[in-house]
Amino acid sequence: MNKDNLPVRSYKGTRDFYPMDMCYRNWYFSKVREVVEGFCYEEYHTPLLEPYEVYAAKSGDEVAGEQLYCFEDKGGRKIAIRPELTPSVARLVAARLEELTFPLRWYSIANVMRYEKPQKGRLREHWQVNVDIFGADEIEAELEIISIISRIMHTFQAKPDMFRIKINNRKFFTDVLTDVLKVKNTDVKTISRIVDKKAKMSQEKYYDWLKETGLTQDKIELLDKIFSSNLEEIIRMIHIDSKGANELSRLFQLLDETGLLRYCEFDFSIVRGFDYYTGTVFEVYDTSPENRRSLFGGGRYDNLVSMFKQRNISGIGFGLGDVTFQHFLEGNDLIPDKIYKSQQVLIARFPDVPVSEYFKLAEDLWSVHVKTSIYFSAHDKLGKQLKFAEKKGYSLVIILGVDELKENKITIKYLDSTTQVTVKRDECAGKIKEFPG
RNA sequence: GUGAGUGUAGCUCAGUUGGUUAGAGCGCCAGUCUGUGGAACUGGAUGUCGUGGGUUCAAACCCCAUCACUCACCCCA
């Protein structure tokens, strides 16, 4: 082994997709695509690179700062690799604001990168399905998004007890904090950060942190009471007319009426990291403790398009990450074997038959869309060629030796059994088409 | 960036209180079998024991450093 050889591993936190991995990925994406296109969503695609400023303003400190891959291009422009898709799609919408017909239903499947320490369910590069609605202020847009999520889960045969859609509302959260807890507007963000982490830290640490922000003991107790209350009870605690409360109760009413409520629950601790969310926020969790990270995350954002244009258009959408979702599917044994596609026909070679004969045969099959390849070495023994075919996952081997050539026949050998059949050359394609799969 | 764990054949791993030539299973290659695969049997190849230093008569094993990977924290899909 040469020490000077380059490493074969992919860059830290990124994955190579070998053919087998692509079988899975294509299967997974095509199922998601089928669902969102069923809801009349249109696909778009944006560049991997965006101007740095697109993320600097709205994405949240951590993602825009530490986790952003950014550099100067040769012209001295500050460039970032996208850490998420939402600002890009907002840019697309803003650029054609005047000519687009709203509301828009758009989706994209693309890779994003964040500079972080790789661990279970979190890599530096992952593939994300991004689904958004632009220009629909109605709560029905929320309903549609939740409906798409549940249908995606249903498409993968996920049972209701395998996942939970946890819903909150940023406006509601702020109203509760400022009205019920009398927290200053400027402290809402700090407290939302702490609340966001509540589930992942110890009780003591949680209380200590809250105290540091200036929350008194009775306020902390009140916050605990809020967490142990259901949505109706919290709404009753508010004295002002809360738009967020109205949105939430209307949404849950609709979820109930449409039967989607069994997948959903109100969760006051869901606030989400991105600064741009303004209304409904939600995350989807695997109920298995083995896979603790959120599968989907999203919400409503009112001010993202206005970053690019004076006029504003509201948006709501979600991202679905492939890494955690794969863990979800594996953990629940929801990946069928049949997604790993096999090859179809291998044409075996004999040294005393000219290769042009084999090409003629192959062309007959290619022309009727039978996946076919010709063995390269004419001198390998038939046994070796069959072993190769079996290992590679071919279903059929065509045998055309001097005997068959003389009689203008070929032999089709079925690899999943021990049977074979000899037919006339011009019946070959038809016979193979009869073979299932 | 902080903390913990793991690094031995292509893969999964064993390797005793430090003791001669480094082990297994799977996989790979060849043969038994010159026009018939999966099974069986026989044989074969493959290791800077992550890297560098130290302790010792002697290191895969002990110590230090370093790198890589994994997990957790932070943040997020």
# chains A, B, ... in the order shown; residues from 1 in each chain; ligands from 1
$ interface_residues --of "chain A" --to "chain B" --cutoff "6 Å" --atoms "only C-alpha atoms (C1' of nucleotides)" --output "ChimeraX atom specification"
/A:320-321,383,386-387
$ write_last_selection --atoms "N, CA and C atoms" --output "short mmCIF file (atom, residue, chain, number, x, y, z; two decimals), in the first residue's frame"
data_model
loop_
_atom_site.label_atom_id
_atom_site.label_comp_id
_atom_site.auth_asym_id
_atom_site.auth_seq_id
_atom_site.Cartn_x
_atom_site.Cartn_y
_atom_site.Cartn_z
N LEU A 320 -37.99 18.19 4.84
CA LEU A 320 -37.95 16.78 5.28
C LEU A 320 -36.55 16.26 4.98
N GLY A 321 -35.82 15.89 6.02
CA GLY A 321 -34.44 15.46 5.83
C GLY A 321 -34.32 13.97 5.57
N GLY A 383 -19.61 -21.78 -16.98
CA GLY A 383 -19.84 -21.82 -15.53
C GLY A 383 -19.47 -20.52 -14.86
N LEU A 386 -22.02 -17.84 -15.72
CA LEU A 386 -23.27 -18.00 -14.96
C LEU A 386 -23.09 -17.52 -13.53
N LYS A 387 -21.93 -17.82 -12.96
CA LYS A 387 -21.65 -17.35 -11.60
C LYS A 387 -21.68 -15.83 -11.55
#
$ residues_around --residues "range 190-192 of chain A" --least-positions-apart "2" --cutoff "12 Å" --atoms "only C-alpha atoms (C1' of nucleotides)" --output "VMD selection string"
chain A and resid 168 to 174 176 to 178 181 183 to 188 194 to 198 206 to 207 209 to 215 220 223 268 to 275
$ atom_distance --atom1 "CA of Val36 in chain A" --atom2 "CA of Lys309 in chain A"
27.9 Å
$ residues_around --residues "Asp161 in chain A" --least-positions-apart "6" --cutoff "12 Å" --atoms "only C-alpha atoms (C1' of nucleotides)" --output "PDB file with C-alpha atoms, in the first residue's frame"
ATOM      1  CA  MET A 153     -46.088   9.073   6.238  1.00  0.00           C
ATOM      2  CA  HIS A 154     -49.030   7.006   5.071  1.00  0.00           C
ATOM      3  CA  ARG A 262     -54.856  11.695  15.564  1.00  0.00           C
ATOM      4  CA  TYR A 263     -51.380  12.403  14.162  1.00  0.00           C
ATOM      5  CA  CYS A 264     -51.068  15.803  15.816  1.00  0.00           C
ATOM      6  CA  TYR A 285     -40.964  13.297  15.636  1.00  0.00           C
ATOM      7  CA  ASP A 286     -40.295   9.607  15.489  1.00  0.00           C
ATOM      8  CA  THR A 287     -41.915   8.125  18.603  1.00  0.00           C
ATOM      9  CA  SER A 288     -38.992   5.709  18.958  1.00  0.00           C
ATOM     10  CA  ASN A 332     -39.843   0.633  11.775  1.00  0.00           C
TER      11      ASN A 332
END
$ residues_around --residues "Ala348 in chain A" --least-positions-apart "2" --cutoff "9 Å" --atoms "only C-alpha atoms (C1' of nucleotides)" --output "MDAnalysis selection string"
chainID A and resid 346 350 358 374:376 378 382 385:386 397:401
$ select_by_dssp --residues "range 249-392 of chain A" --states "helix (DSSP H, G or I)" --output "PyMOL selection string"
chain A and resi 249-257+260-263+305-307+322-331+337-339+355-366+382-392
$ select_by_dssp --residues "range 303-392 of chain A" --states "strand (DSSP E)" --output "count of residues only"
13
$ residues_around --residues "Tyr55 in chain A" --least-positions-apart "6" --cutoff "12 Å" --atoms "only C-alpha atoms (C1' of nucleotides)" --output "MDAnalysis selection string"
chainID A and resid 49 61:70 78:88 90:91 274:276 304 307
$ residues_around --residues "Trp127 in chain A" --least-positions-apart "5" --cutoff "9 Å" --atoms "only C-alpha atoms (C1' of nucleotides)" --output "PyMOL selection string"
(chain A and resi 109-113+320-323) or (chain B and resi 77)
